[in-house]
Amino acid sequence: MDKEIIEHGFSFNRRRFLSTMSLGIGSVALGSLLMPDLLRGGGLEEEGLAPGIPHFAPKAKRVIYLFQNGAPSQQELFDYKPKLREMFGQEIPPSVRGTQRLTGMTANQASFPLVGSFVDFKQYGQSQAWVSNLMPYTSKIVDDLCFVRSMYTEAINHDPALTFLQTGSQQGNRPSMGSWLSYGLGNENKNLPNFTVLLSRGVGNGQGVYSKLWSNGFLDSVHQGVQFSKGEDPVLYLRDPEGMDRKERRDMLDKLSELNDLSYQEFGDPEIATKIKQYEMAYRMQTAVPEVMDLSKESDDIIKLYGPECLVPGTYAANCLLARKLSENGVRFVQLYHQGWDQHGNLPYEITKQAMDVDQASAALVTDLKQRGLLDETLVIWGGEFGRTSYTQGKLTPENYGRDHHPRCFTIWMAGGGIKPGMVYGETDELGYNIAKDPVHVHDFQATILHQLGLNHEKLIFKHLGRRYRLTDVSGKVVRDIIA
(Lines give C-alpha, C1' and ligand atoms only; values in the text may rest on other atoms or scores of the structure.)
Protein backbone atom coordinates (compact mmCIF):
# COMPACT_ATOMS: atom_id res chain seq x y z
CA MET A 1 0.00 0.00 0.00
CA ASP A 2 1.36 3.41 -0.98
CA LYS A 3 2.55 5.53 1.89
CA GLU A 4 0.53 8.73 2.28
CA ILE A 5 2.32 12.05 1.93
CA ILE A 6 0.99 14.95 4.00
CA GLU A 7 1.96 18.48 2.93
CA HIS A 8 0.31 21.79 3.77
CA GLY A 9 -2.75 20.01 5.14
CA PHE A 10 -3.38 17.90 1.99
CA SER A 11 -2.86 14.15 1.89
CA PHE A 12 -2.20 12.00 -1.18
CA ASN A 13 -0.38 8.74 -1.87
CA ARG A 14 2.58 8.10 -4.16
CA ARG A 15 0.43 6.65 -6.94
CA ARG A 16 -1.75 9.77 -7.02
CA PHE A 17 1.33 12.02 -6.88
CA LEU A 18 2.99 10.34 -9.88
CA SER A 19 -0.27 10.30 -11.84
CA THR A 20 -0.84 14.01 -11.25
CA MET A 21 2.74 14.88 -12.17
CA SER A 22 2.51 12.90 -15.42
CA LEU A 23 -0.60 14.82 -16.42
CA GLY A 24 1.21 18.10 -15.77
CA ILE A 25 4.25 17.10 -17.81
CA GLY A 26 1.96 15.92 -20.60
CA SER A 27 0.17 19.26 -20.63
CA VAL A 28 3.47 21.12 -20.94
CA ALA A 29 4.54 18.84 -23.78
CA LEU A 30 1.24 19.29 -25.58
CA GLY A 31 1.42 23.05 -25.08
CA SER A 32 4.92 23.19 -26.57
CA LEU A 33 3.67 21.33 -29.66
CA LEU A 34 0.58 23.48 -30.15
CA MET A 35 2.42 26.75 -29.40
CA PRO A 36 6.15 26.34 -30.04
CA ASP A 37 6.89 29.81 -28.65
CA LEU A 38 5.23 28.99 -25.33
CA LEU A 39 8.44 28.77 -23.31
CA ARG A 40 10.68 31.18 -25.20
CA GLY A 41 12.14 34.29 -23.56
CA GLY A 42 11.39 37.91 -24.31
CA GLY A 43 10.41 41.30 -23.03
CA LEU A 44 6.80 40.38 -22.36
CA GLU A 45 7.76 37.93 -19.64
CA GLU A 46 8.92 40.83 -17.53
CA GLU A 47 5.29 41.95 -17.49
CA GLY A 48 4.03 38.47 -16.62
CA LEU A 49 2.92 37.73 -20.20
CA ALA A 50 4.41 35.07 -22.42
CA PRO A 51 5.08 36.15 -26.03
CA GLY A 52 3.47 33.99 -28.69
CA ILE A 53 0.19 33.68 -26.79
CA PRO A 54 -2.79 36.06 -27.14
CA HIS A 55 -3.87 37.83 -23.97
CA PHE A 56 -7.47 36.77 -24.66
CA ALA A 57 -9.46 34.96 -27.35
CA PRO A 58 -8.79 36.71 -30.68
CA LYS A 59 -11.44 37.53 -33.26
CA ALA A 60 -8.87 37.72 -36.06
CA LYS A 61 -5.74 35.72 -36.83
CA ARG A 62 -4.23 37.87 -39.55
CA VAL A 63 -4.20 41.37 -41.04
CA ILE A 64 -4.05 42.58 -44.65
CA TYR A 65 -3.37 46.32 -44.71
CA LEU A 66 -4.04 47.98 -48.08
CA PHE A 67 -2.14 51.20 -47.49
CA GLN A 68 -2.95 53.99 -49.95
CA ASN A 69 0.26 55.95 -49.80
CA GLY A 70 0.00 59.69 -50.35
CA ALA A 71 -3.40 60.24 -48.67
CA PRO A 72 -6.60 59.71 -50.71
CA SER A 73 -9.07 62.59 -50.75
CA GLN A 74 -12.04 61.53 -48.64
CA GLN A 75 -14.24 64.19 -50.29
CA GLU A 76 -13.95 62.40 -53.65
CA LEU A 77 -14.38 58.86 -52.33
CA PHE A 78 -16.37 58.20 -49.15
CA ASP A 79 -17.27 61.41 -47.28
CA TYR A 80 -20.13 63.05 -49.20
CA LYS A 81 -20.30 66.83 -48.66
CA PRO A 82 -22.93 68.53 -50.87
CA LYS A 83 -22.44 71.78 -48.92
CA LEU A 84 -18.97 72.08 -50.45
CA ARG A 85 -20.53 72.15 -53.92
CA GLU A 86 -22.97 74.85 -52.85
CA MET A 87 -20.12 77.00 -51.50
CA PHE A 88 -17.81 76.50 -54.51
CA GLY A 89 -15.18 79.25 -54.58
CA GLN A 90 -16.21 80.83 -51.27
CA GLU A 91 -13.59 81.43 -48.59
CA ILE A 92 -13.51 78.84 -45.84
CA PRO A 93 -15.04 80.45 -42.70
CA PRO A 94 -12.45 81.35 -40.02
CA SER A 95 -14.66 79.64 -37.44
CA VAL A 96 -14.24 76.37 -39.34
CA ARG A 97 -10.56 76.65 -40.17
CA GLY A 98 -9.60 77.81 -36.69
CA THR A 99 -5.89 77.68 -35.94
CA GLN A 100 -5.13 74.72 -38.19
CA ARG A 101 -1.49 74.86 -39.24
CA LEU A 102 -0.61 74.81 -42.92
CA THR A 103 1.97 72.98 -44.97
CA GLY A 104 4.67 74.91 -46.80
CA MET A 105 2.71 74.31 -50.01
CA THR A 106 -0.29 76.47 -49.03
CA ALA A 107 1.22 78.71 -46.33
CA ASN A 108 1.65 81.56 -48.87
CA GLN A 109 -1.83 81.34 -50.36
CA ALA A 110 -3.78 84.57 -49.90
CA SER A 111 -7.12 82.79 -50.26
CA PHE A 112 -8.55 79.41 -49.31
CA PRO A 113 -11.61 78.83 -51.52
CA LEU A 114 -13.82 75.81 -50.86
CA VAL A 115 -14.25 73.20 -53.56
CA GLY A 116 -16.76 70.36 -53.72
CA SER A 117 -16.16 67.02 -55.36
CA PHE A 118 -16.28 66.85 -59.15
CA VAL A 119 -17.80 63.37 -58.90
CA ASP A 120 -21.29 62.27 -57.83
CA PHE A 121 -22.16 60.10 -54.84
CA LYS A 122 -24.92 57.56 -54.17
CA GLN A 123 -26.04 55.47 -51.22
CA TYR A 124 -25.62 51.69 -51.41
CA GLY A 125 -26.58 48.53 -49.59
CA GLN A 126 -28.67 48.08 -46.47
CA SER A 127 -26.20 50.32 -44.65
CA GLN A 128 -26.97 53.16 -47.09
CA ALA A 129 -23.31 54.17 -47.07
CA TRP A 130 -22.34 57.01 -49.39
CA VAL A 131 -19.76 56.02 -52.02
CA SER A 132 -18.63 58.03 -55.03
CA ASN A 133 -18.94 56.92 -58.64
CA LEU A 134 -15.15 56.48 -58.66
CA MET A 135 -15.59 53.30 -56.59
CA PRO A 136 -18.22 51.14 -58.36
CA TYR A 137 -16.83 47.82 -57.12
CA THR A 138 -16.45 49.00 -53.54
CA SER A 139 -20.05 50.22 -53.63
CA LYS A 140 -21.18 46.60 -54.13
CA ILE A 141 -19.58 45.38 -50.88
CA VAL A 142 -20.49 48.24 -48.50
CA ASP A 143 -22.46 45.86 -46.29
CA ASP A 144 -19.22 43.99 -45.60
CA LEU A 145 -17.35 47.19 -44.68
CA CYS A 146 -17.06 49.45 -41.67
CA PHE A 147 -16.29 53.01 -42.75
CA VAL A 148 -14.52 55.12 -40.13
CA ARG A 149 -14.93 58.74 -41.24
CA SER A 150 -13.47 60.33 -38.13
CA MET A 151 -9.84 59.27 -38.17
CA TYR A 152 -7.32 61.95 -37.22
CA THR A 153 -3.58 62.24 -36.73
CA GLU A 154 -1.01 64.70 -35.40
CA ALA A 155 1.36 64.82 -38.38
CA ILE A 156 0.78 67.08 -41.38
CA ASN A 157 3.53 65.80 -43.71
CA HIS A 158 3.87 62.41 -45.36
CA ASP A 159 6.96 60.95 -43.72
CA PRO A 160 5.98 61.51 -40.08
CA ALA A 161 2.30 60.71 -40.73
CA LEU A 162 3.09 57.47 -42.53
CA THR A 163 5.66 56.47 -39.92
CA PHE A 164 3.16 57.31 -37.15
CA LEU A 165 0.46 55.05 -38.57
CA GLN A 166 2.85 52.19 -39.13
CA THR A 167 4.94 52.38 -35.95
CA GLY A 168 3.06 54.53 -33.42
CA SER A 169 5.80 57.16 -33.50
CA GLN A 170 6.59 60.02 -35.88
CA GLN A 171 10.30 59.26 -35.58
CA GLY A 172 11.92 56.21 -37.12
CA ASN A 173 13.67 53.20 -35.58
CA ARG A 174 10.53 51.85 -33.91
CA PRO A 175 8.97 48.45 -34.65
CA SER A 176 6.27 48.44 -37.29
CA MET A 177 2.78 47.17 -36.49
CA GLY A 178 3.53 43.94 -38.34
CA SER A 179 6.66 43.44 -36.25
CA TRP A 180 4.68 43.95 -33.03
CA LEU A 181 2.17 41.33 -34.15
CA SER A 182 4.95 38.91 -35.08
CA TYR A 183 6.52 39.45 -31.65
CA GLY A 184 3.25 39.19 -29.76
CA LEU A 185 1.70 36.22 -31.58
CA GLY A 186 4.54 34.16 -33.03
CA ASN A 187 4.50 32.12 -36.24
CA GLU A 188 1.48 30.44 -37.76
CA ASN A 189 3.48 28.97 -40.66
CA LYS A 190 7.13 28.14 -40.00
CA ASN A 191 7.89 28.13 -43.73
CA LEU A 192 6.93 31.77 -44.36
CA PRO A 193 7.79 35.03 -42.62
CA ASN A 194 5.25 36.46 -40.20
CA PHE A 195 5.31 39.88 -41.86
CA THR A 196 5.50 40.50 -45.61
CA VAL A 197 5.49 43.70 -47.71
CA LEU A 198 4.27 44.25 -51.29
CA LEU A 199 4.75 47.49 -53.25
CA SER A 200 2.92 48.95 -56.26
CA ARG A 201 2.78 52.33 -57.94
CA GLY A 202 -0.11 54.26 -59.45
CA VAL A 203 -0.24 57.53 -61.39
CA GLY A 204 0.76 61.03 -60.37
CA ASN A 205 3.13 62.07 -57.61
CA GLY A 206 4.22 58.86 -55.92
CA GLN A 207 5.31 59.56 -52.37
CA GLY A 208 8.12 57.18 -51.49
CA VAL A 209 8.05 54.26 -49.10
CA TYR A 210 11.14 53.06 -47.29
CA SER A 211 12.32 50.09 -45.30
CA LYS A 212 12.00 51.84 -41.94
CA LEU A 213 8.24 51.38 -42.32
CA TRP A 214 8.59 47.61 -42.00
CA SER A 215 11.52 47.70 -39.59
CA ASN A 216 11.72 45.51 -36.49
CA GLY A 217 13.19 48.49 -34.59
CA PHE A 218 14.51 47.27 -31.25
CA LEU A 219 12.78 43.88 -31.52
CA ASP A 220 14.71 40.83 -32.72
CA SER A 221 15.40 41.11 -36.45
CA VAL A 222 13.40 37.91 -37.06
CA HIS A 223 10.32 40.16 -36.73
CA GLN A 224 11.33 42.48 -39.59
CA GLY A 225 9.03 42.67 -42.60
CA VAL A 226 10.20 40.77 -45.67
CA GLN A 227 9.69 42.65 -48.92
CA PHE A 228 8.54 40.58 -51.89
CA SER A 229 9.51 42.03 -55.27
CA LYS A 230 7.87 41.66 -58.68
CA GLY A 231 10.99 40.22 -60.32
CA GLU A 232 12.03 36.69 -61.09
CA ASP A 233 13.31 36.36 -57.52
CA PRO A 234 10.54 37.64 -55.21
CA VAL A 235 12.92 37.43 -52.23
CA LEU A 236 16.53 38.28 -53.07
CA TYR A 237 19.34 35.81 -52.33
CA LEU A 238 16.87 33.01 -51.52
CA ARG A 239 18.07 30.60 -54.21
CA ASP A 240 20.98 28.25 -53.68
CA PRO A 241 24.26 29.46 -55.19
CA GLU A 242 25.05 28.06 -58.62
CA GLY A 243 26.59 24.61 -58.36
CA MET A 244 25.17 23.86 -54.88
CA ASP A 245 22.40 21.28 -54.44
CA ARG A 246 19.91 21.01 -51.56
CA LYS A 247 21.94 18.48 -49.59
CA GLU A 248 25.07 20.62 -49.78
CA ARG A 249 23.01 23.63 -48.72
CA ARG A 250 21.62 21.68 -45.77
CA ASP A 251 25.09 20.51 -44.71
CA MET A 252 26.46 24.04 -45.01
CA LEU A 253 23.65 25.47 -42.85
CA ASP A 254 24.18 22.77 -40.23
CA LYS A 255 27.89 23.59 -39.97
CA LEU A 256 27.15 27.31 -39.93
CA SER A 257 24.62 26.78 -37.17
CA GLU A 258 27.22 24.95 -35.10
CA LEU A 259 29.68 27.84 -35.49
CA ASN A 260 27.02 30.41 -34.63
CA ASP A 261 25.97 28.39 -31.63
CA LEU A 262 29.56 28.41 -30.35
CA SER A 263 29.62 32.19 -30.76
CA TYR A 264 26.31 32.48 -28.94
CA GLN A 265 27.59 30.42 -26.02
CA GLU A 266 30.67 32.63 -25.79
CA PHE A 267 29.09 36.07 -26.25
CA GLY A 268 25.39 35.56 -25.44
CA ASP A 269 24.29 38.00 -28.15
CA PRO A 270 20.60 37.21 -28.95
CA GLU A 271 21.10 38.42 -32.54
CA ILE A 272 23.32 35.39 -33.13
CA ALA A 273 20.41 33.10 -32.27
CA THR A 274 18.17 35.23 -34.48
CA LYS A 275 20.60 34.86 -37.37
CA ILE A 276 20.42 31.06 -37.04
CA LYS A 277 16.60 31.28 -37.22
CA GLN A 278 16.79 33.49 -40.30
CA TYR A 279 19.07 31.06 -42.15
CA GLU A 280 16.65 28.25 -41.37
CA MET A 281 13.66 30.32 -42.45
CA ALA A 282 15.36 31.17 -45.75
CA TYR A 283 16.00 27.46 -46.35
CA ARG A 284 12.34 26.57 -45.78
CA MET A 285 11.16 29.54 -47.86
CA GLN A 286 12.98 28.17 -50.89
CA THR A 287 10.13 25.71 -51.30
CA ALA A 288 7.24 27.71 -49.84
CA VAL A 289 7.71 31.06 -51.61
CA PRO A 290 7.64 29.85 -55.25
CA GLU A 291 4.46 27.91 -54.50
CA VAL A 292 2.71 30.90 -52.93
CA MET A 293 3.84 33.29 -55.69
CA ASP A 294 2.59 30.99 -58.45
CA LEU A 295 -0.69 32.38 -59.79
CA SER A 296 -1.00 29.91 -62.67
CA LYS A 297 -3.32 27.63 -60.70
CA GLU A 298 -5.86 30.35 -59.95
CA SER A 299 -9.24 29.72 -61.57
CA ASP A 300 -10.70 31.84 -64.36
CA ASP A 301 -13.36 33.05 -61.92
CA ILE A 302 -10.69 34.41 -59.57
CA ILE A 303 -8.83 36.13 -62.41
CA LYS A 304 -12.10 37.72 -63.54
CA LEU A 305 -12.88 38.77 -59.96
CA TYR A 306 -9.57 40.63 -59.48
CA GLY A 307 -9.28 41.79 -63.09
CA PRO A 308 -6.71 40.92 -65.79
CA GLU A 309 -4.00 43.05 -64.15
CA CYS A 310 -3.76 40.51 -61.34
CA LEU A 311 -1.58 38.44 -63.68
CA VAL A 312 0.86 41.34 -64.16
CA PRO A 313 3.54 41.14 -61.43
CA GLY A 314 3.92 44.26 -59.34
CA THR A 315 0.46 45.69 -59.99
CA TYR A 316 -1.93 46.48 -57.16
CA ALA A 317 -4.31 43.76 -58.37
CA ALA A 318 -1.53 41.15 -58.41
CA ASN A 319 -0.47 42.17 -54.92
CA CYS A 320 -4.05 41.89 -53.61
CA LEU A 321 -4.27 38.36 -54.96
CA LEU A 322 -0.85 37.53 -53.47
CA ALA A 323 -2.02 39.02 -50.17
CA ARG A 324 -4.89 36.54 -50.09
CA LYS A 325 -2.52 33.65 -50.84
CA LEU A 326 0.01 34.74 -48.21
CA SER A 327 -2.71 35.26 -45.63
CA GLU A 328 -4.39 31.92 -46.20
CA ASN A 329 -0.95 30.31 -45.83
CA GLY A 330 -0.56 31.78 -42.36
CA VAL A 331 1.32 35.05 -42.81
CA ARG A 332 0.24 37.18 -39.85
CA PHE A 333 0.58 40.62 -41.41
CA VAL A 334 0.55 41.40 -45.13
CA GLN A 335 1.33 45.04 -45.87
CA LEU A 336 0.57 46.53 -49.29
CA TYR A 337 1.70 50.03 -50.23
CA HIS A 338 0.15 51.62 -53.32
CA GLN A 339 1.78 54.92 -54.23
CA GLY A 340 0.30 57.83 -56.14
CA TRP A 341 -2.43 59.41 -53.99
CA ASP A 342 -0.70 62.76 -53.37
CA GLN A 343 -2.93 64.98 -55.53
CA HIS A 344 -1.97 68.60 -54.78
CA GLY A 345 -3.01 69.53 -58.31
CA ASN A 346 -4.78 67.94 -61.27
CA LEU A 347 -6.82 65.97 -58.74
CA PRO A 348 -9.84 65.08 -60.93
CA TYR A 349 -7.70 63.34 -63.54
CA GLU A 350 -5.24 61.67 -61.18
CA ILE A 351 -7.70 60.38 -58.57
CA THR A 352 -9.86 58.88 -61.33
CA LYS A 353 -6.89 56.86 -62.59
CA GLN A 354 -5.82 55.96 -59.07
CA ALA A 355 -9.31 54.74 -58.12
CA MET A 356 -9.37 52.55 -61.24
CA ASP A 357 -6.10 50.98 -60.05
CA VAL A 358 -7.43 49.89 -56.67
CA ASP A 359 -11.23 49.69 -56.66
CA GLN A 360 -11.84 46.32 -58.31
CA ALA A 361 -8.96 44.49 -56.63
CA SER A 362 -9.73 45.84 -53.14
CA ALA A 363 -13.35 44.73 -53.40
CA ALA A 364 -12.25 41.42 -54.93
CA LEU A 365 -9.97 40.69 -51.98
CA VAL A 366 -12.84 41.11 -49.50
CA THR A 367 -15.16 39.01 -51.68
CA ASP A 368 -12.52 36.32 -52.21
CA LEU A 369 -11.78 36.01 -48.49
CA LYS A 370 -15.48 35.89 -47.71
CA GLN A 371 -16.28 33.13 -50.19
CA ARG A 372 -13.37 31.07 -48.84
CA GLY A 373 -14.58 31.45 -45.26
CA LEU A 374 -11.48 33.46 -44.36
CA LEU A 375 -12.92 36.95 -43.87
CA ASP A 376 -14.06 36.29 -40.30
CA GLU A 377 -10.47 35.57 -39.25
CA THR A 378 -8.76 38.15 -41.49
CA LEU A 379 -8.88 41.88 -40.78
CA VAL A 380 -8.66 43.92 -44.01
CA ILE A 381 -7.86 47.65 -43.75
CA TRP A 382 -7.94 50.29 -46.53
CA GLY A 383 -6.72 53.88 -46.10
CA GLY A 384 -3.91 56.44 -46.16
CA GLU A 385 -1.89 58.50 -43.70
CA PHE A 386 -4.18 61.55 -43.44
CA GLY A 387 -6.92 63.34 -45.36
CA ARG A 388 -7.26 66.25 -47.77
CA THR A 389 -8.36 69.85 -47.29
CA SER A 390 -11.85 71.11 -48.11
CA TYR A 391 -10.28 74.13 -49.79
CA THR A 392 -8.24 74.05 -52.96
CA GLN A 393 -4.50 74.24 -53.30
CA GLY A 394 -3.36 76.42 -56.15
CA LYS A 395 -5.57 77.57 -59.01
CA LEU A 396 -9.27 76.68 -58.86
CA THR A 397 -11.43 76.11 -61.95
CA PRO A 398 -14.68 74.13 -62.33
CA GLU A 399 -12.71 71.39 -64.09
CA ASN A 400 -9.49 71.29 -62.12
CA TYR A 401 -8.14 71.77 -58.61
CA GLY A 402 -5.92 70.20 -55.97
CA ARG A 403 -6.13 69.54 -52.23
CA ASP A 404 -3.44 69.88 -49.56
CA HIS A 405 -2.68 67.62 -46.58
CA HIS A 406 -5.28 67.56 -43.82
CA PRO A 407 -4.62 65.66 -40.56
CA ARG A 408 -7.82 66.74 -38.79
CA CYS A 409 -10.06 64.12 -40.39
CA PHE A 410 -9.91 61.34 -42.92
CA THR A 411 -11.68 58.10 -43.85
CA ILE A 412 -10.59 54.48 -43.77
CA TRP A 413 -12.55 51.27 -44.09
CA MET A 414 -12.16 47.93 -42.35
CA ALA A 415 -13.65 44.52 -43.10
CA GLY A 416 -13.73 41.14 -41.40
CA GLY A 417 -11.75 40.19 -38.33
CA GLY A 418 -14.63 40.75 -35.93
CA ILE A 419 -15.36 44.32 -37.06
CA LYS A 420 -19.04 45.23 -37.49
CA PRO A 421 -20.02 45.04 -41.18
CA GLY A 422 -22.34 47.51 -42.89
CA MET A 423 -21.50 50.35 -40.53
CA VAL A 424 -20.47 53.99 -40.82
CA TYR A 425 -18.71 55.29 -37.71
CA GLY A 426 -17.94 58.91 -36.97
CA GLU A 427 -18.95 62.12 -38.71
CA THR A 428 -17.29 65.26 -40.02
CA ASP A 429 -18.87 68.71 -40.20
CA GLU A 430 -20.84 69.83 -43.26
CA LEU A 431 -17.66 71.12 -44.92
CA GLY A 432 -15.65 67.99 -44.13
CA TYR A 433 -13.00 69.99 -42.27
CA ASN A 434 -13.44 69.01 -38.61
CA ILE A 435 -14.71 65.92 -36.79
CA ALA A 436 -18.26 66.36 -35.50
CA LYS A 437 -18.74 62.98 -33.80
CA ASP A 438 -16.75 59.98 -32.50
CA PRO A 439 -13.10 60.93 -33.20
CA VAL A 440 -10.64 58.05 -33.68
CA HIS A 441 -6.97 58.84 -33.07
CA VAL A 442 -4.21 56.82 -34.72
CA HIS A 443 -3.40 55.17 -31.37
CA ASP A 444 -7.08 54.23 -30.92
CA PHE A 445 -6.98 52.63 -34.36
CA GLN A 446 -3.83 50.68 -33.48
CA ALA A 447 -5.24 49.60 -30.11
CA THR A 448 -8.35 48.28 -31.87
CA ILE A 449 -6.34 46.26 -34.39
CA LEU A 450 -4.30 44.64 -31.61
CA HIS A 451 -7.47 43.94 -29.65
CA GLN A 452 -9.00 42.07 -32.59
CA LEU A 453 -5.94 39.81 -32.64
CA GLY A 454 -6.27 39.05 -28.94
CA LEU A 455 -3.62 41.51 -27.72
CA ASN A 456 -4.03 44.14 -25.02
CA HIS A 457 -2.19 47.17 -26.38
CA GLU A 458 -1.24 48.24 -22.84
CA LYS A 459 0.41 44.86 -22.17
CA LEU A 460 2.15 44.28 -25.50
CA ILE A 461 5.38 45.72 -24.16
CA PHE A 462 9.09 45.47 -24.86
CA LYS A 463 11.65 46.87 -22.47
CA HIS A 464 14.44 48.73 -24.26
CA LEU A 465 17.09 51.06 -22.84
CA GLY A 466 15.30 51.17 -19.51
CA ARG A 467 11.90 52.11 -20.92
CA ARG A 468 8.81 50.01 -21.61
CA TYR A 469 7.75 50.60 -25.21
CA ARG A 470 4.50 49.71 -26.93
CA LEU A 471 2.89 50.36 -30.32
CA THR A 472 0.41 52.83 -28.85
CA ASP A 473 3.06 54.63 -26.77
CA VAL A 474 1.24 56.03 -23.69
CA SER A 475 -2.28 56.47 -25.09
CA GLY A 476 -4.94 54.81 -27.19
CA LYS A 477 -8.28 53.19 -26.44
CA VAL A 478 -10.11 50.37 -28.18
CA VAL A 479 -12.99 51.62 -30.34
CA ARG A 480 -15.51 49.11 -29.02
CA ASP A 481 -18.49 50.51 -30.92
CA ILE A 482 -17.17 49.07 -34.20
CA ILE A 483 -16.49 45.59 -32.78
CA ALA A 484 -19.03 42.90 -33.61
# chains A, B, ... in the order shown; residues from 1 in each chain; ligands from 1
>>> closest_atom_pairs(of="stretch 127-180 of chain A", to="stretch 435-443 of chain A", cutoff="9 Å", atoms="only C-alpha atoms", output="CSV")
residue,atom,partner,partner_atom,distance
A:Val148,CA,A:Val440,CA,8.1
A:Arg149,CA,A:Ile435,CA,8.4
A:Ser150,CA,A:Pro439,CA,5.0
A:Met151,CA,A:Val440,CA,4.7
A:Tyr152,CA,A:His441,CA,5.2
A:Thr153,CA,A:Val442,CA,5.8
A:Glu154,CA,A:Val442,CA,8.5
A:Phe164,CA,A:Val442,CA,7.8
A:Leu165,CA,A:Val442,CA,6.3
A:Gly168,CA,A:His443,CA,6.8
>>> select_by_dssp(residues="stretch 44-157 of chain A", states="strand (DSSP E)", output="list of chain:residue names")
A:Arg62, A:Val63, A:Ile64, A:Tyr65, A:Leu66, A:Phe67, A:Gln68, A:Asn69, A:Phe121, A:Lys122, A:Gln123, A:Tyr124, A:Ala129, A:Trp130, A:Val131, A:Ser132, A:Leu145, A:Cys146, A:Phe147, A:Val148, A:Arg149, A:Ser150, A:Met151, A:Tyr152
>>> residues_around(residues="stretch 460-471 of chain A", least_positions_apart="4", cutoff="12 Å", atoms="only C-alpha atoms", output="PyMOL selection string")
chain A and resi 41-55+163-170+174-185+216-220+442-451+453-456+475-476
>>> residues_around(residues="A:Thr367", least_positions_apart="4", cutoff="9 Å", atoms="only C-alpha atoms", output="ChimeraX atom specification")
/A:141,144,305,362-363,371-372,375
>>> closest_atom_pairs(of="stretch 366-474 of chain A", to="stretch 130-135 of chain A", cutoff="12 Å", atoms="only C-alpha atoms", output="JSON lines")
{"residue": "A:Thr411", "atom": "CA", "partner": "A:Val131", "partner_atom": "CA", "distance": 11.7}
{"residue": "A:Trp413", "atom": "CA", "partner": "A:Val131", "partner_atom": "CA", "distance": 11.7}
{"residue": "A:Gly422", "atom": "CA", "partner": "A:Trp130", "partner_atom": "CA", "distance": 11.5}
{"residue": "A:Met423", "atom": "CA", "partner": "A:Trp130", "partner_atom": "CA", "distance": 11.1}
{"residue": "A:Val424", "atom": "CA", "partner": "A:Trp130", "partner_atom": "CA", "distance": 9.3}
